[in-house]
Amino acid sequence: MGRVCVIHYSEIGLKGRNRPFFEKMLAENVRRLLSGIVDSKVRRIQGRLVLPLNGADLQRVEEGLMKVFGISWFTFATIAEPNVESIGRTVVEEASQVVKPGEPIKVEVKRADKSFPATSLELSRILGRMLVEKLGVSVSLKNPSKKIYVEVLSKEAYVFTEKKRGLGGLPVGSSGRVLSLLSGGIDSPIASYLMMKRGCRVSYLHFHPFHDNAEAENSKIMEIVRKLLPYSGETTVTFTPSYEFQIATVNVPAKYDLILFRRFMFKVAERIAEAEGAKALVTGESLAQVASQTLENIVAASRGLRIPVFRPLIAFDKEEIVNVAKKIGTYELSIKPYKDCCSIIARHPETRAKLEIVEKLERQIDLDSVVSRSIGLSSRVVVK
């Protein structure tokens with residue numbers, strides 16, 4: 001009767017009356033990632049998404065779905081009519097492709113349609129007996145070498161032999177927009193990725209030391225953004241030069257350069273976020289990883305902002321961050337040589353900045369004016 005991709009979610013199922021909104025966002029993201037691969041419409045059926053495959057390349061479908069947040073697991077299934085005879089034939093046919101005579105198997109049945117005449121347990125026993133008779137297998141509920149899965153819905157049933165684990169989380173677009181401060185390092189791309197996992201649309205802000213934004217626009221920063229693009233969909237990158245800050249702070253004690261620079265970045269980011277409708281800022285900070293990320297400096301850097309700063313990596317160690325970077329493909333890009341602002345400014349930074357001293361220095365250099373001039377020199381790129 002045809003093949004379909006059946007997509008299951010987990011966290012979305014807890015959303016109560018808001019669940020249709022999250023399902024629609026998930027379906028939208030599935031359509032975006034599979035555009036040009038599968039032309040069929042994504043259907044929302046009884047707590048799952050169903051996508052007719054129509055001969056699509058299954059490897060490409062799988063690769064696309066592995067970049068969609070909100071999916072708990074998915075499978076490629078064969079459709080059967082919702083009756084014992086049709087389901088039985090389909091189970092035998094599907095099982096014959098993956099099991100051998102004498103092999104211990106288990107049939108797992110779930111009924112989304114509770115009006116089906118046999119209970120899940122009764123149907124699994126019926127199907128198990130069919131497999132023993134037709135294929136010569138044995139049934140083992142505790143130690144099966146293979147499992148055959150059946151889902152019974154009101155208008156059709158699905159039979160499959162493998163579940164593919166998805167990314168989990170919430171579909172991108174379901175939790176609002178955030179602005180990520182993207183550097184050329186390893187951490188900030190992973191922080192952005194994790195905010196996408198919580199359903200956020202992420203746009204980016206990058207500070208660079210060049211006099212021409214075009215140098216940054218043609219750098220590895222855009223490569224990193226494009227590597228994250230399948231997860232997020234269309235986004236924007238704002239490029240802001242740091243030279244106005246560097247000129248203004250030429251006479252500032254060197255040990256306060258870095259904390260002042262963090263304050264400068266947050267103030268620029270806050271204004272750009274407000275203009276874009278982003279509700280929070282995102283950084284790749286991990287507590288005590290480097291001098292700018294001591295508890296005192298983290299507090300001092302973001303004090304006085306009107307919007308929150310999310311730090312999804314705050315409790316990660318470097319190895320954990322690197323493992324995620326390698327998994328999603330940003331690591332090799334992040335370690336490519338790049339003239340990053342923070343590495344230029346950080347010489348012998350103050351690790352326990354006193355806010356009253358920092359604020360006094362801000363007034364001395366008129367930081368708000370530096371922020372305004374820098375925003376005026378910024379450029380914005382749409383990435384699709």
# chains A, B, ... in the order shown; residues from 1 in each chain; ligands from 1
$ select_by_dssp --residues "range 28-78 of chain A" --states "alpha helix (DSSP H)" --output "CSV table (one decimal) with C-alpha atoms, in the first residue's frame"
chain,number,residue,atom,x,y,z
A,28,GLU,CA,7.1,23.5,8.5
A,29,ASN,CA,10.7,22.7,9.4
A,30,VAL,CA,10.4,19.2,7.9
A,31,ARG,CA,9.1,20.7,4.7
A,32,ARG,CA,11.9,23.2,4.6
A,33,LEU,CA,14.6,20.5,5.1
A,58,LEU,CA,15.7,7.5,1.8
A,59,GLN,CA,19.3,8.4,2.6
A,60,ARG,CA,18.6,12.1,1.7
A,61,VAL,CA,15.4,12.0,3.7
A,62,GLU,CA,17.2,10.7,6.7
A,63,GLU,CA,20.0,13.3,6.4
A,64,GLY,CA,17.4,16.1,6.3
A,65,LEU,CA,15.4,14.9,9.2
$ residues_around --residues "Lys100 in chain A" --least-positions-apart "3" --cutoff "8 Å" --atoms "only C-alpha atoms" --output "list in words"
Ser96, Glu103, Leu135, Gly136 and Val137 of chain A
$ write_last_selection --atoms "N, CA and C atoms" --output "PDB file, in the first residue's frame"
ATOM      1  N   SER A  96      10.239 -10.712   6.917  1.00  0.00           N
ATOM      2  CA  SER A  96      11.001 -11.643   6.081  1.00  0.00           C
ATOM      3  C   SER A  96      12.279 -11.010   5.522  1.00  0.00           C
ATOM      4  N   GLU A 103      15.400 -17.230  14.590  1.00  0.00           N
ATOM      5  CA  GLU A 103      15.854 -16.008  15.265  1.00  0.00           C
ATOM      6  C   GLU A 103      14.783 -15.511  16.246  1.00  0.00           C
ATOM      7  N   LEU A 135       7.512 -17.850   9.101  1.00  0.00           N
ATOM      8  CA  LEU A 135       8.947 -17.628   8.911  1.00  0.00           C
ATOM      9  C   LEU A 135       9.820 -18.522   9.779  1.00  0.00           C
ATOM     10  N   GLY A 136       9.200 -19.300  10.681  1.00  0.00           N
ATOM     11  CA  GLY A 136       9.980 -20.210  11.506  1.00  0.00           C
ATOM     12  C   GLY A 136      10.826 -19.528  12.559  1.00  0.00           C
ATOM     13  N   VAL A 137      10.448 -18.322  12.948  1.00  0.00           N
ATOM     14  CA  VAL A 137      11.196 -17.618  13.990  1.00  0.00           C
ATOM     15  C   VAL A 137      10.680 -18.048  15.354  1.00  0.00           C
TER      16      VAL A 137
END
$ atom_distance --atom1 "CA of Ser124 in chain A" --atom2 "CA of Lys163 in chain A"
18.0 Å
$ residues_around --residues "His211 in chain A" --least-positions-apart "6" --cutoff "9 Å" --atoms "only C-alpha atoms" --output "CSV table (one decimal) with N, CA and C atoms, in the first residue's frame"
chain,number,residue,atom,x,y,z
A,241,PRO,N,32.4,46.6,13.1
A,241,PRO,CA,33.8,46.8,13.3
A,241,PRO,C,34.1,47.2,14.8
A,242,SER,N,35.3,46.9,15.3
A,242,SER,CA,35.6,47.2,16.7
A,242,SER,C,36.6,48.4,16.7
A,243,TYR,N,37.0,49.0,15.6
A,243,TYR,CA,38.1,50.0,15.7
A,243,TYR,C,37.7,51.3,16.4
$ closest_residue --among "A:Ser379, A:Val109, A:Gly185, A:Val250" --to "Val237 in chain A" --atoms "only C-alpha atoms"
A:Ser379
$ atom_distance --atom1 "CA of Leu141 in chain A" --atom2 "CA of Gly88 in chain A"
18.7 Å
$ residues_around --residues "Ile148 in chain A" --least-positions-apart "2" --cutoff "9 Å" --atoms "only C-alpha atoms" --output "PDB file with C-alpha atoms, in the first residue's frame"
ATOM      1  CA  VAL A  91       4.228  -7.806   9.166  1.00  0.00           C
ATOM      2  CA  GLU A  94       8.506  -6.753   6.383  1.00  0.00           C
ATOM      3  CA  ALA A  95       9.904  -9.286   8.855  1.00  0.00           C
ATOM      4  CA  ILE A 105      11.890 -11.680  17.635  1.00  0.00           C
ATOM      5  CA  LYS A 106       9.364  -9.484  19.385  1.00  0.00           C
ATOM      6  CA  VAL A 107       6.319  -7.698  18.010  1.00  0.00           C
ATOM      7  CA  GLU A 108       5.491  -4.343  19.627  1.00  0.00           C
ATOM      8  CA  VAL A 109       2.023  -2.942  18.925  1.00  0.00           C
ATOM      9  CA  LYS A 146      14.924  -8.066  16.177  1.00  0.00           C
ATOM     10  CA  VAL A 150       3.112  -1.885  14.463  1.00  0.00           C
ATOM     11  CA  VAL A 159       4.626  -1.550  10.063  1.00  0.00           C
ATOM     12  CA  PHE A 160       8.376  -0.983  10.459  1.00  0.00           C
ATOM     13  CA  THR A 161      11.520  -2.653  11.774  1.00  0.00           C
ATOM     14  CA  GLU A 162      13.794   0.235  12.777  1.00  0.00           C
TER      15      GLU A 162
END
$ closest_residue --among "A:Pro209, A:Phe76, A:Thr249, A:Arg125" --to "Arg363 in chain A" --atoms "only C-alpha atoms"
A:Thr249
$ residues_around --residues "Val50 in chain A" --least-positions-apart "4" --cutoff "10 Å" --atoms "only C-alpha atoms" --output "PDB file with C-alpha atoms, in the first residue's frame"
ATOM      1  CA  VAL A   4       5.704   6.579   4.441  1.00  0.00           C
ATOM      2  CA  CYS A   5       8.004   8.325   6.861  1.00  0.00           C
ATOM      3  CA  VAL A   6       6.428   8.414  10.333  1.00  0.00           C
ATOM      4  CA  ILE A   7       7.801  11.140  12.611  1.00  0.00           C
ATOM      5  CA  HIS A   8       7.329  11.111  16.374  1.00  0.00           C
ATOM      6  CA  ALA A  27       5.863  20.224   9.950  1.00  0.00           C
ATOM      7  CA  SER A  40       4.472  15.133  -0.659  1.00  0.00           C
ATOM      8  CA  LYS A  41       2.520  17.055   1.960  1.00  0.00           C
ATOM      9  CA  VAL A  42       3.346  16.475   5.639  1.00  0.00           C
ATOM     10  CA  ARG A  43       0.204  15.245   7.423  1.00  0.00           C
ATOM     11  CA  ARG A  44      -0.492  15.555  11.145  1.00  0.00           C
ATOM     12  CA  ILE A  45      -2.231  12.338  12.192  1.00  0.00           C
ATOM     13  CA  GLN A  46      -3.067  11.304  15.752  1.00  0.00           C
ATOM     14  CA  PHE A  74      11.335   8.630  12.923  1.00  0.00           C
ATOM     15  CA  THR A  75      11.021   5.563  10.747  1.00  0.00           C
ATOM     16  CA  PHE A  76      10.311   4.412   7.216  1.00  0.00           C
ATOM     17  CA  ALA A  77       7.169   2.291   7.382  1.00  0.00           C
TER      18      ALA A  77
END
$ closest_residue --among "A:Leu34, A:Val139, A:Val309, A:Leu51" --to "Phe266 in chain A" --atoms "only C-alpha atoms"
A:Val309
